[in-house]
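Data block for work_36.cif (mmCIF, C-alpha atoms and all ligand atoms):
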data_work
#
loop_
_atom_site.label_atom_id
_atom_site.label_comp_id
_atom_site.auth_asym_id
_atom_site.auth_seq_id
_atom_site.Cartn_x
_atom_site.Cartn_y
_atom_site.Cartn_z
CA MET S 1 46.27 79.27 86.37
CA ILE S 2 44.66 76.85 88.83
CA LYS S 3 41.79 74.60 87.79
CA ILE S 4 39.97 71.79 89.56
CA ILE S 5 37.74 69.34 87.76
CA LYS S 6 35.39 67.99 90.45
CA ASN S 7 33.50 64.71 90.67
CA ALA S 8 34.17 63.26 87.23
CA LYS S 9 34.59 59.55 86.64
CA VAL S 10 38.24 59.33 85.66
CA TYR S 11 39.64 57.03 82.98
CA ALA S 12 43.40 57.41 83.25
CA PRO S 13 42.88 55.45 80.81
CA GLU S 14 42.35 52.78 83.53
CA TYR S 15 39.11 53.40 85.38
CA MET S 16 39.82 55.18 88.70
CA GLY S 17 36.29 55.92 89.90
CA VAL S 18 35.15 59.41 90.87
CA GLN S 19 38.14 61.70 91.45
CA ASP S 20 39.06 65.37 91.43
CA VAL S 21 41.86 66.51 89.17
CA LEU S 22 43.93 69.57 90.03
CA ILE S 23 45.69 71.43 87.20
CA ILE S 24 48.31 74.04 87.99
CA GLY S 25 49.67 75.92 84.99
CA ASP S 26 50.04 73.41 82.19
CA LYS S 27 50.44 70.28 84.37
CA ILE S 28 48.28 67.88 86.32
CA ALA S 29 49.25 68.58 89.95
CA ALA S 30 47.06 66.00 91.71
CA VAL S 31 44.48 63.29 91.12
CA ASP S 32 42.63 62.51 94.33
CA LYS S 33 39.30 62.48 96.15
CA ASP S 34 37.84 65.78 97.37
CA ILE S 35 40.72 68.12 96.55
CA GLU S 36 40.40 71.47 98.34
CA VAL S 37 42.69 74.36 97.51
CA SER S 38 42.72 77.72 99.25
CA VAL S 39 44.73 80.60 97.87
CA ASN S 40 45.42 84.20 98.77
CA LYS S 41 43.43 86.99 97.18
CA GLY S 42 44.24 87.75 93.59
CA LEU S 43 44.79 84.14 92.58
CA GLU S 44 41.85 82.71 90.77
CA ILE S 45 40.69 79.10 90.92
CA THR S 46 38.48 77.81 88.14
CA VAL S 47 36.22 74.96 89.23
CA ILE S 48 34.81 72.73 86.50
CA ASP S 49 31.90 70.51 87.46
CA GLY S 50 32.51 67.00 86.17
CA LYS S 51 29.42 65.40 87.69
CA GLY S 52 27.71 63.08 85.21
CA LYS S 53 30.78 63.19 83.01
CA LEU S 54 33.78 61.05 82.23
CA LEU S 55 37.27 62.52 82.25
CA LEU S 56 39.70 61.14 79.66
CA PRO S 57 43.30 61.98 78.78
CA GLY S 58 43.59 64.42 75.83
CA PHE S 59 43.62 62.44 72.58
CA ILE S 60 46.74 61.86 70.49
CA ASP S 61 46.32 61.76 66.73
CA SER S 62 49.53 60.28 65.36
CA HIS S 63 49.04 60.81 61.62
CA VAL S 64 47.67 64.15 60.42
CA HIS S 65 48.42 66.12 57.26
CA ILE S 66 48.52 69.41 59.17
CA LEU S 67 50.03 71.27 56.22
CA GLY S 68 47.45 69.76 53.86
CA GLY S 69 47.93 66.70 51.70
CA GLY S 70 46.56 65.08 48.59
CA GLY S 71 47.21 66.62 45.20
CA GLU S 72 47.04 63.32 43.29
CA GLY S 73 44.32 64.76 41.01
CA SER S 74 46.43 67.81 40.00
CA PHE S 75 47.06 71.07 41.82
CA LYS S 76 43.48 71.96 42.62
CA THR S 77 43.18 68.74 44.64
CA ARG S 78 45.81 69.79 47.18
CA THR S 79 43.96 69.93 50.49
CA PRO S 80 44.06 73.04 52.70
CA GLU S 81 46.07 73.43 55.91
CA ILE S 82 44.37 72.35 59.11
CA LYS S 83 42.89 74.86 61.56
CA LEU S 84 43.23 74.69 65.34
CA THR S 85 39.56 73.92 65.95
CA ASP S 86 39.55 71.11 63.35
CA ILE S 87 41.81 69.43 65.90
CA THR S 88 40.40 70.52 69.27
CA ASN S 89 36.77 69.89 68.27
CA GLY S 90 37.74 66.23 68.10
CA GLY S 91 39.23 66.26 71.62
CA VAL S 92 42.72 66.00 70.17
CA THR S 93 45.41 67.84 72.14
CA THR S 94 48.51 66.26 70.56
CA VAL S 95 49.10 65.72 66.84
CA VAL S 96 51.91 64.20 64.83
CA GLY S 97 52.10 65.93 61.45
CA CYS S 98 53.36 64.39 58.23
CA LEU S 99 53.71 65.35 54.56
CA GLY S 100 52.36 62.55 52.33
CA THR S 101 52.43 61.92 48.59
CA ASP S 102 53.78 65.38 47.84
CA GLY S 103 57.14 66.27 49.34
CA ILE S 104 57.99 68.77 46.63
CA SER S 105 55.33 71.50 46.57
CA ARG S 106 55.12 71.08 50.33
CA ASP S 107 58.31 70.59 52.27
CA MET S 108 59.68 69.84 55.70
CA VAL S 109 60.39 73.46 56.61
CA GLY S 110 56.74 74.30 55.89
CA LEU S 111 55.62 71.32 57.98
CA LEU S 112 57.82 72.34 60.89
CA ALA S 113 56.55 75.94 60.71
CA LYS S 114 52.93 74.72 60.71
CA ALA S 115 53.62 72.48 63.71
CA ARG S 116 55.20 75.40 65.57
CA GLY S 117 52.19 77.58 64.75
CA LEU S 118 49.73 75.04 66.18
CA GLU S 119 51.91 74.74 69.28
CA GLU S 120 51.76 78.53 69.73
CA GLU S 121 47.97 78.27 69.47
CA GLY S 122 47.87 75.90 72.44
CA ILE S 123 48.17 72.23 71.48
CA THR S 124 51.21 69.92 71.38
CA THR S 125 52.74 68.97 68.05
CA TYR S 126 55.36 66.63 66.69
CA ILE S 127 56.27 65.75 63.11
CA TYR S 128 57.77 62.97 61.04
CA THR S 129 60.54 63.78 58.61
CA GLY S 130 59.97 62.67 55.00
CA SER S 131 57.17 62.07 52.55
CA TYR S 132 56.10 58.89 50.69
CA ARG S 133 59.53 58.67 49.04
CA ILE S 134 62.91 57.15 49.64
CA PRO S 135 65.36 58.95 49.51
CA VAL S 136 63.65 60.93 52.24
CA VAL S 137 63.11 64.69 52.05
CA THR S 138 64.58 66.29 55.17
CA ILE S 139 65.43 69.67 56.68
CA THR S 140 69.12 69.16 57.41
CA GLY S 141 69.90 66.88 54.46
CA GLU S 142 70.08 63.73 56.60
CA VAL S 143 67.41 61.70 58.37
CA MET S 144 69.65 61.09 61.38
CA LYS S 145 70.53 64.78 61.75
CA ASP S 146 66.85 65.76 61.52
CA ILE S 147 65.87 63.37 64.32
CA ILE S 148 68.82 64.21 66.54
CA THR S 149 68.79 67.99 66.16
CA ILE S 150 65.16 69.03 65.66
CA ASP S 151 63.06 68.55 68.81
CA LYS S 152 59.74 68.15 67.03
CA ILE S 153 60.94 65.36 64.71
CA ILE S 154 60.33 61.98 66.37
CA GLY S 155 60.73 59.60 63.44
CA VAL S 156 60.34 59.14 59.69
CA GLY S 157 57.16 58.99 57.67
CA GLU S 158 54.88 58.39 56.11
CA ILE S 159 56.98 56.15 53.84
CA ALA S 160 54.79 54.44 51.24
CA ILE S 161 55.05 50.75 50.37
CA SER S 162 52.75 48.36 48.50
CA ASP S 163 51.27 51.36 46.69
CA HIS S 164 51.41 52.58 43.07
CA ARG S 165 52.25 56.04 44.47
CA SER S 166 55.29 54.83 46.43
CA SER S 167 58.85 55.37 45.16
CA GLN S 168 59.06 51.56 44.83
CA PRO S 169 61.99 51.47 47.28
CA ASN S 170 64.22 48.43 47.20
CA ILE S 171 64.68 46.37 50.31
CA GLU S 172 68.24 47.51 50.94
CA GLU S 173 67.38 51.22 51.00
CA PHE S 174 64.39 50.46 53.18
CA LYS S 175 66.59 48.59 55.67
CA ARG S 176 69.12 51.43 55.73
CA LEU S 177 66.38 53.97 56.44
CA ALA S 178 64.98 51.90 59.32
CA ALA S 179 68.48 51.51 60.74
CA ASP S 180 69.21 55.25 60.52
CA ALA S 181 65.91 56.15 62.17
CA ARG S 182 66.51 53.62 64.93
CA VAL S 183 70.02 54.77 65.79
CA ALA S 184 69.06 58.45 65.61
CA GLY S 185 66.17 57.70 67.98
CA MET S 186 68.53 55.97 70.40
CA LEU S 187 71.00 58.85 70.32
CA SER S 188 68.30 61.47 70.99
CA GLY S 189 65.99 59.60 73.38
CA LYS S 190 63.19 59.54 70.83
CA ALA S 191 61.11 56.75 69.30
CA GLY S 192 62.91 56.94 65.94
CA VAL S 193 60.12 54.92 64.34
CA LEU S 194 59.15 54.54 60.70
CA ASN S 195 55.52 55.39 60.05
CA ILE S 196 54.69 53.21 57.03
CA HIS S 197 51.84 54.04 54.63
CA LEU S 198 50.34 50.83 53.27
CA GLY S 199 48.61 50.96 49.91
CA ASP S 200 46.24 48.43 48.35
CA GLY S 201 49.08 46.47 46.70
CA LYS S 202 49.17 42.70 47.02
CA ARG S 203 52.63 42.78 48.62
CA LYS S 204 50.93 44.01 51.80
CA LEU S 205 53.42 43.92 54.73
CA ASN S 206 55.92 41.63 52.95
CA MET S 207 58.67 44.21 53.02
CA LEU S 208 58.45 44.61 56.79
CA PHE S 209 58.48 40.86 57.36
CA GLU S 210 61.54 40.57 55.14
CA VAL S 211 63.43 43.26 57.08
CA LEU S 212 62.61 41.45 60.32
CA GLU S 213 63.85 38.13 58.92
CA THR S 214 67.09 39.42 57.46
CA THR S 215 68.26 42.12 59.93
CA GLU S 216 68.58 42.71 63.67
CA ILE S 217 66.14 45.63 63.56
CA PRO S 218 63.33 44.99 66.08
CA ILE S 219 59.68 44.93 65.05
CA THR S 220 58.94 47.88 67.34
CA GLN S 221 60.74 50.15 64.85
CA PHE S 222 57.76 50.15 62.49
CA ILE S 223 54.25 51.53 62.67
CA PRO S 224 52.29 50.36 59.63
CA THR S 225 49.24 52.56 59.07
CA HIS S 226 46.00 52.34 57.01
CA THR S 227 46.14 48.59 57.83
CA ASN S 228 42.34 48.37 57.89
CA ARG S 229 42.02 49.46 54.25
CA ASN S 230 41.18 45.97 52.91
CA PRO S 231 40.61 42.49 54.38
CA TYR S 232 43.92 41.02 53.10
CA LEU S 233 46.06 43.76 54.54
CA PHE S 234 44.09 43.59 57.78
CA GLU S 235 44.84 39.85 58.14
CA ASP S 236 48.53 40.56 57.54
CA ALA S 237 48.40 43.32 60.16
CA ILE S 238 46.99 40.90 62.73
CA LYS S 239 49.90 38.58 61.96
CA PHE S 240 52.32 41.49 62.40
CA ALA S 241 50.76 42.46 65.75
CA LYS S 242 50.84 38.86 66.98
CA ALA S 243 54.58 38.92 66.27
CA GLY S 244 54.84 41.93 68.62
CA GLY S 245 54.52 44.84 66.19
CA CYS S 246 52.20 47.79 66.62
CA ILE S 247 49.49 48.40 64.04
CA ASP S 248 47.59 51.56 63.26
CA PHE S 249 44.05 51.86 61.89
CA THR S 250 42.86 54.90 59.94
CA THR S 251 39.57 56.44 61.04
CA SER S 252 38.85 58.84 58.13
CA SER S 253 36.80 56.81 55.74
CA ASP S 254 33.77 56.73 53.50
CA PRO S 255 30.98 54.48 54.82
CA VAL S 256 30.20 53.17 51.31
CA PHE S 257 33.40 51.14 51.58
CA TRP S 258 32.45 49.29 54.74
CA GLU S 259 30.44 46.62 52.86
CA GLY S 260 31.42 44.09 50.18
CA GLU S 261 34.21 41.63 49.49
CA ASP S 262 37.14 44.06 49.40
CA ALA S 263 35.59 46.29 52.04
CA GLU S 264 37.56 48.48 54.38
CA ILE S 265 37.35 47.31 57.95
CA LYS S 266 35.66 50.06 59.93
CA THR S 267 38.10 50.99 62.70
CA SER S 268 35.77 50.13 65.58
CA ARG S 269 35.17 46.68 64.07
CA ALA S 270 38.89 46.24 63.46
CA LEU S 271 39.61 46.79 67.16
CA LYS S 272 36.85 44.37 68.15
CA ARG S 273 38.27 41.71 65.82
CA CYS S 274 41.84 42.22 67.12
CA LEU S 275 40.74 41.86 70.73
CA GLU S 276 38.83 38.67 69.84
CA GLU S 277 41.94 37.34 68.09
CA GLY S 278 44.04 37.92 71.20
CA VAL S 279 46.17 40.77 69.80
CA SER S 280 47.74 42.72 72.68
CA GLU S 281 45.60 45.77 73.41
CA ASP S 282 48.84 47.74 73.97
CA LEU S 283 49.90 47.37 70.33
CA ILE S 284 46.92 48.96 68.59
CA THR S 285 46.59 52.66 67.75
CA PHE S 286 44.10 54.73 65.77
CA SER S 287 44.95 57.81 63.74
CA SER S 288 42.72 60.01 61.61
CA ASP S 289 44.79 60.69 58.45
CA GLY S 290 43.14 64.07 58.98
CA GLN S 291 43.36 66.72 56.24
CA GLY S 292 44.44 64.11 53.69
CA SER S 293 42.30 64.00 50.56
CA LEU S 294 39.39 61.62 50.72
CA PRO S 295 37.56 60.64 47.53
CA VAL S 296 33.80 60.81 48.03
CA PHE S 297 31.44 58.33 46.34
CA ASN S 298 27.69 58.02 46.06
CA LYS S 299 25.86 54.90 47.21
CA ASP S 300 26.52 53.24 43.84
CA LYS S 301 30.23 53.79 44.48
CA GLU S 302 30.50 56.40 41.73
CA PHE S 303 33.14 59.08 42.34
CA ILE S 304 31.40 62.38 43.06
CA GLY S 305 34.25 64.55 44.30
CA LEU S 306 36.94 65.06 46.86
CA GLY S 307 36.59 65.59 50.58
CA VAL S 308 39.09 66.08 53.35
CA GLY S 309 39.87 63.58 56.11
CA LYS S 310 38.68 64.72 59.52
CA VAL S 311 40.51 64.61 62.84
CA GLU S 312 37.08 64.38 64.48
CA SER S 313 36.71 60.86 63.05
CA LEU S 314 39.33 59.68 65.57
CA TYR S 315 37.10 59.95 68.62
CA GLN S 316 33.93 59.12 66.66
CA GLU S 317 35.39 55.65 66.19
CA ILE S 318 36.03 55.37 69.94
CA ARG S 319 32.36 56.15 70.54
CA ASP S 320 31.41 53.49 68.01
CA CYS S 321 33.75 51.02 69.74
CA VAL S 322 31.91 51.54 73.01
CA LEU S 323 28.33 52.19 71.90
CA ASP S 324 28.14 49.76 68.93
CA GLU S 325 30.83 47.16 69.49
CA LYS S 326 30.48 47.11 73.31
CA ILE S 327 34.23 47.37 73.87
CA PRO S 328 34.98 48.72 77.38
CA LEU S 329 35.88 52.43 77.24
CA GLU S 330 39.16 51.93 79.11
CA LYS S 331 40.33 49.52 76.41
CA ALA S 332 39.10 51.56 73.44
CA ILE S 333 40.53 54.83 74.69
CA LYS S 334 44.05 53.39 75.02
CA THR S 335 44.35 53.41 71.22
CA ILE S 336 44.38 57.22 71.17
CA THR S 337 45.99 57.99 74.55
CA SER S 338 48.44 55.77 76.43
CA ASN S 339 49.31 53.51 73.48
CA PRO S 340 50.51 56.18 71.04
CA ALA S 341 52.23 58.01 73.93
CA ALA S 342 54.20 54.88 74.84
CA ILE S 343 54.93 53.75 71.28
CA LEU S 344 56.05 57.23 70.19
CA LYS S 345 57.81 57.95 73.53
CA LEU S 346 55.84 61.16 74.05
CA LYS S 347 56.88 62.31 77.50
CA ASN S 348 54.11 63.22 79.97
CA LYS S 349 51.36 62.48 77.45
CA GLY S 350 48.44 60.07 77.20
CA ARG S 351 47.60 59.65 80.90
CA ILE S 352 45.76 61.39 83.71
CA LYS S 353 48.53 61.29 86.25
CA LYS S 354 50.32 63.70 88.55
CA GLY S 355 53.12 65.48 86.70
CA PHE S 356 51.67 64.74 83.27
CA ASP S 357 50.57 67.51 80.91
CA GLY S 358 47.18 69.08 81.58
CA ASP S 359 45.59 67.56 78.47
CA LEU S 360 42.06 66.46 79.33
CA VAL S 361 38.71 65.76 77.71
CA LEU S 362 35.37 65.68 79.55
CA VAL S 363 32.60 63.73 77.83
CA ASP S 364 28.95 63.14 78.70
CA GLU S 365 28.57 59.88 80.58
CA ASN S 366 25.91 58.24 78.42
CA SER S 367 26.22 59.77 74.96
CA LEU S 368 30.03 60.07 75.25
CA ILE S 369 29.76 63.39 73.40
CA ILE S 370 32.69 65.76 73.97
CA ASP S 371 31.85 68.57 76.39
CA THR S 372 35.13 70.21 77.42
CA VAL S 373 38.67 70.07 76.04
CA ILE S 374 41.74 71.31 77.92
CA ALA S 375 45.18 71.45 76.29
CA LYS S 376 48.24 72.09 78.48
CA GLY S 377 45.96 73.57 81.14
CA LYS S 378 44.16 75.91 78.75
CA ILE S 379 40.45 75.56 78.07
CA MET S 380 39.93 75.11 74.33
CA ILE S 381 36.28 74.00 74.44
CA GLU S 382 33.88 74.35 77.38
CA ASN S 383 30.27 73.15 77.58
CA LYS S 384 30.46 72.26 73.87
CA THR S 385 31.42 75.83 72.99
CA ILE S 386 34.71 76.80 71.39
CA LYS S 387 36.68 79.09 73.72
CA CYS S 388 39.88 79.27 71.77
CA TYR S 389 40.18 79.80 68.02
CA GLY S 390 43.20 79.61 65.76
CA THR S 391 44.81 82.87 64.65
CA PHE S 392 42.90 83.21 61.36
CA GLU S 393 39.68 81.56 62.48
CA LYS S 394 36.58 83.57 63.08
CA ALA S 395 35.64 83.81 66.76
ZN ZN S 401 49.00 57.54 53.98
#
Exercise: express the given structure as structure tokens:
Amino acid sequence: MIKIIKNAKVYAPEYMGVQDVLIIGDKIAAVDKDIEVSVNKGLEITVIDGKGKLLLPGFIDSHVHILGGGGEGSFKTRTPEIKLTDITNGGVTTVVGCLGTDGISRDMVGLLAKARGLEEEGITTYIYTGSYRIPVVTITGEVMKDIITIDKIIGVGEIAISDHRSSQPNIEEFKRLAADARVAGMLSGKAGVLNIHLGDGKRKLNMLFEVLETTEIPITQFIPTHTNRNPYLFEDAIKFAKAGGCIDFTTSSDPVFWEGEDAEIKTSRALKRCLEEGVSEDLITFSSDGQGSLPVFNKDKEFIGLGVGKVESLYQEIRDCVLDEKIPLEKAIKTITSNPAAILKLKNKGRIKKGFDGDLVLVDENSLIIDTVIAKGKIMIENKTIKCYGTFEKA
């Protein structure tokens, strides 16, 4: 019920020095020096020693195929549903689930049920309504009704453009969808954003730029993702961010694609490059694309089978940002904490602050390896040991 994390160096994500953090129930009750709490008998206080450790806000992964994804290589290539510890092992305490290519054999009701299940198991979940396609698959029959009436639905996505697997939407239907999502978001106090899957197509972000030129819809309505998948798209994404739009980089990747002319931009390098270019550090987010299918290749780039995207890759890229690219931790960590919380209007998320949710991650000071994960005040991982398993996971 009551927990105190003592003597950790706190990144809120701004660096706050050594602080104690008091958690009561599922909320952060205080962040201060030398917190002492005395209680009557029968009430237990758990003290967690944070000495030699850094305390970070729980991570937000804003694009995860929680119900499974893939399927583009026939039925046997549909990826399995995610398990609780696939998420918490990566320090993630909030996920946004989405469908993907397949909105037929998997549907929105299934996605909502999966999100509710993960919430019951202890983390926080939201979902996007829709799949790759326009017209969008929904629960209520209308995008606006979904966003307004279903608490977990915060926007639309992932809608595919510039991809051979997209529904090749025309610009007018794309504009209408953005407008509906925007107004529904306004009416329900939600972000109402469009999460846009970018493929390898040469049209890149053209469709988004055209909507911005020919309508009143603001650039903040769109979150293009996978924008680090090739150098041309990445350059377009920088242009989009410099115009005030947010851009999302995907962390699940195969290292064989990080070299060569058409190479993917490794997420940690993409952040470094954006900061050098003067892109606002508030406009960049990372997401894992976790549980999506991930083709695996050998070192000669020959296809050798299918893997599954990992939520754990999200924080691995943060470590690489700090340890390899020498980006300050407080800047790197924003991409998976305060930035997605602000862009997606997730209330009480993404910060270590009084009144915010008790979502916290303790990491070792030098190696930055995850030690302890707390979600809504509940210990999921402690001293690198899983304390809380999903319903059908083996303890
Ligand atoms: Zn995608």
Check every protein, DNA and RNA residue against ligand ZN 401 (chain S), keep those with an atom at most 9 Å away (counting all atoms listed in the file), and present them as a count of residues only. 16
Padding 8 Å on each side, edges along x, y and z: where is the centre of the box around the listed atoms of range 89-104 of chain S, and how long are its edges in Å to one decimal? Output it as JSON.
{"center_x": 47.4, "center_y": 65.9, "center_z": 59.4, "size_x": 37.2, "size_y": 24.0, "size_z": 41.5}
Please provide as an MDAnalysis selection string all residues within 6 Å of range 307-312 of chain S, with the sequence filter that same-chain residues fewer than 2 positions apart are discarded (counting only C-alpha atoms). chainID S and resid 87 90 252 288 290:295 314
Would you save the residues of that selection, restricted to C-alpha atoms, as a compact mmCIF listing (two decimals), in the coordinates of the input?
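selection30.txt was written with the following content:
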# COMPACT_ATOMS: atom_id res chain seq x y z
CA ILE S 87 41.81 69.43 65.90
CA GLY S 90 37.74 66.23 68.10
CA SER S 252 38.85 58.84 58.13
CA SER S 288 42.72 60.01 61.61
CA GLY S 290 43.14 64.07 58.98
CA GLN S 291 43.36 66.72 56.24
CA GLY S 292 44.44 64.11 53.69
CA SER S 293 42.30 64.00 50.56
CA LEU S 294 39.39 61.62 50.72
CA PRO S 295 37.56 60.64 47.53
CA LEU S 314 39.33 59.68 65.57
Residues within 12 Å of Phe392 in chain S, all atoms listed in the file, excluding chain neighbours under 4 positions, as a PyMOL selection string: chain S and resi 81-85+117-118+121+388
Shell of 10 Å around Pro340 in chain S, all atoms listed in the file, local chain residues under 2 positions omitted, as a list of chain:residue names: S:Phe59, S:Ile60, S:Asp61, S:Ser62, S:Cys246, S:Asp248, S:Asp282, S:Leu283, S:Ile284, S:Thr285, S:Phe286, S:Ser287, S:Lys334, S:Thr335, S:Ile336, S:Thr337, S:Ser338, S:Ala342, S:Ile343, S:Leu344, S:Lys345, S:Leu346, S:Lys349, S:Gly350
Using all atoms listed in the file: which of S:Glu213, S:Asp32, S:Glu264, S:Glu365 has the shortest distance to Val18 in chain S: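 That would be S:Asp32, the residue with the smallest distance to Val18 in chain S.
By only C-alpha atoms, and with residues fewer than 5 positions from Pro328 in chain S along its chain excluded, the set lying at most 12 Å from it is Tyr11, Pro13, Glu14, Tyr15, Ser268, Leu271, Lys272, Leu275, Glu281, Ile318, Arg319, Asp320, Cys321, Val322, Leu323, Ile333 and Lys334 of chain S.
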Quick one: of S:Thr385, S:Thr125, S:Thr88, S:Ser74, who's nearest to Val361 in chain S, counting all atoms listed in the file?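 Closest to Val361 in chain S of all the choices is S:Thr88.
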Which residues, written as a ChimeraX atom specification, have at least one atom at most 12 Å from Glu44 in chain S, with all atoms listed in the file counted and residues fewer than 5 positions away on the same chain left out? /S:1-4,24-25,37-39
Protein and nucleic acid residues near (36.0, 49.6, 52.5) (cut-off 12 Å, all atoms listed in the file) as a ChimeraX atom specification: /S:200,226-234,250-267,269-270,297,301
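Minimum distance to Asn348 in chain S across S:Ile28, S:Ala241, S:Ile161, S:Leu56 (counting only C-alpha atoms) occurs at S:Ile28.
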Which distance in Å separates CA of Arg203 in chain S and CA of Ser131 in chain S, to one decimal? 20.2 Å
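CA of Glu317 in chain S sits 22.8 Å away from CA of Lys239 in chain S.
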Residue nearest Asn170 in chain S - candidates S:Ile148, S:Ile304, S:Met207, S:Ala8, atoms counted: only C-alpha atoms: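 Residue with the minimum atom-to-atom distance to Asn170 in chain S: S:Met207.
CA of Tyr126 in chain S sits 20.7 Å away from CA of Ser105 in chain S.
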Nearest candidate to Lys76 in chain S (options S:Asp34, S:Met108, S:Lys9, S:Leu306; using only C-alpha atoms):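 Under the stated criterion, the closest residue is S:Leu306.
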Identify which of the residues S:Arg133, S:Lys384, S:Lys190, S:Arg106 lies closest to Gln168 in chain S, counting all atoms listed in the file when measuring atom-to-atom distances.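 Once distances to Gln168 in chain S are computed over all atoms listed in the file, the minimum belongs to S:Arg133.
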Using the atoms already present, construct N, CA and C atoms for range 264-275 of chain S and hand them back as an mmCIF file, keeping the file's coordinate frame.
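Written file, out.cif:
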data_model
loop_
_atom_site.group_PDB
_atom_site.id
_atom_site.type_symbol
_atom_site.label_atom_id
_atom_site.label_comp_id
_atom_site.auth_asym_id
_atom_site.auth_seq_id
_atom_site.Cartn_x
_atom_site.Cartn_y
_atom_site.Cartn_z
ATOM 1 N N GLU S 264 36.750 47.977 53.268
ATOM 2 C CA GLU S 264 37.560 48.480 54.380
ATOM 3 C C GLU S 264 36.988 47.920 55.666
ATOM 4 N N ILE S 265 37.850 47.735 56.654
ATOM 5 C CA ILE S 265 37.350 47.310 57.950
ATOM 6 C C ILE S 265 37.152 48.580 58.781
ATOM 7 N N LYS S 266 35.918 48.881 59.096
ATOM 8 C CA LYS S 266 35.660 50.060 59.930
ATOM 9 C C LYS S 266 36.504 49.954 61.195
ATOM 10 N N THR S 267 37.111 51.051 61.616
ATOM 11 C CA THR S 267 38.100 50.990 62.700
ATOM 12 C C THR S 267 37.554 50.350 63.973
ATOM 13 N N SER S 268 36.332 50.703 64.348
ATOM 14 C CA SER S 268 35.770 50.130 65.580
ATOM 15 C C SER S 268 35.643 48.615 65.466
ATOM 16 N N ARG S 269 35.275 48.138 64.276
ATOM 17 C CA ARG S 269 35.170 46.680 64.070
ATOM 18 C C ARG S 269 36.546 46.038 64.044
ATOM 19 N N ALA S 270 37.519 46.762 63.507
ATOM 20 C CA ALA S 270 38.890 46.240 63.460
ATOM 21 C C ALA S 270 39.415 46.021 64.877
ATOM 22 N N LEU S 271 39.142 46.959 65.768
ATOM 23 C CA LEU S 271 39.610 46.790 67.160
ATOM 24 C C LEU S 271 38.919 45.589 67.798
ATOM 25 N N LYS S 272 37.615 45.489 67.579
ATOM 26 C CA LYS S 272 36.850 44.370 68.150
ATOM 27 C C LYS S 272 37.476 43.036 67.694
ATOM 28 N N ARG S 273 37.719 42.938 66.404
ATOM 29 C CA ARG S 273 38.270 41.710 65.820
ATOM 30 C C ARG S 273 39.654 41.403 66.417
ATOM 31 N N CYS S 274 40.494 42.414 66.553
ATOM 32 C CA CYS S 274 41.840 42.220 67.120
ATOM 33 C C CYS S 274 41.760 41.709 68.552
ATOM 34 N N LEU S 275 40.862 42.289 69.327
ATOM 35 C CA LEU S 275 40.740 41.860 70.730
ATOM 36 C C LEU S 275 40.240 40.407 70.788
#
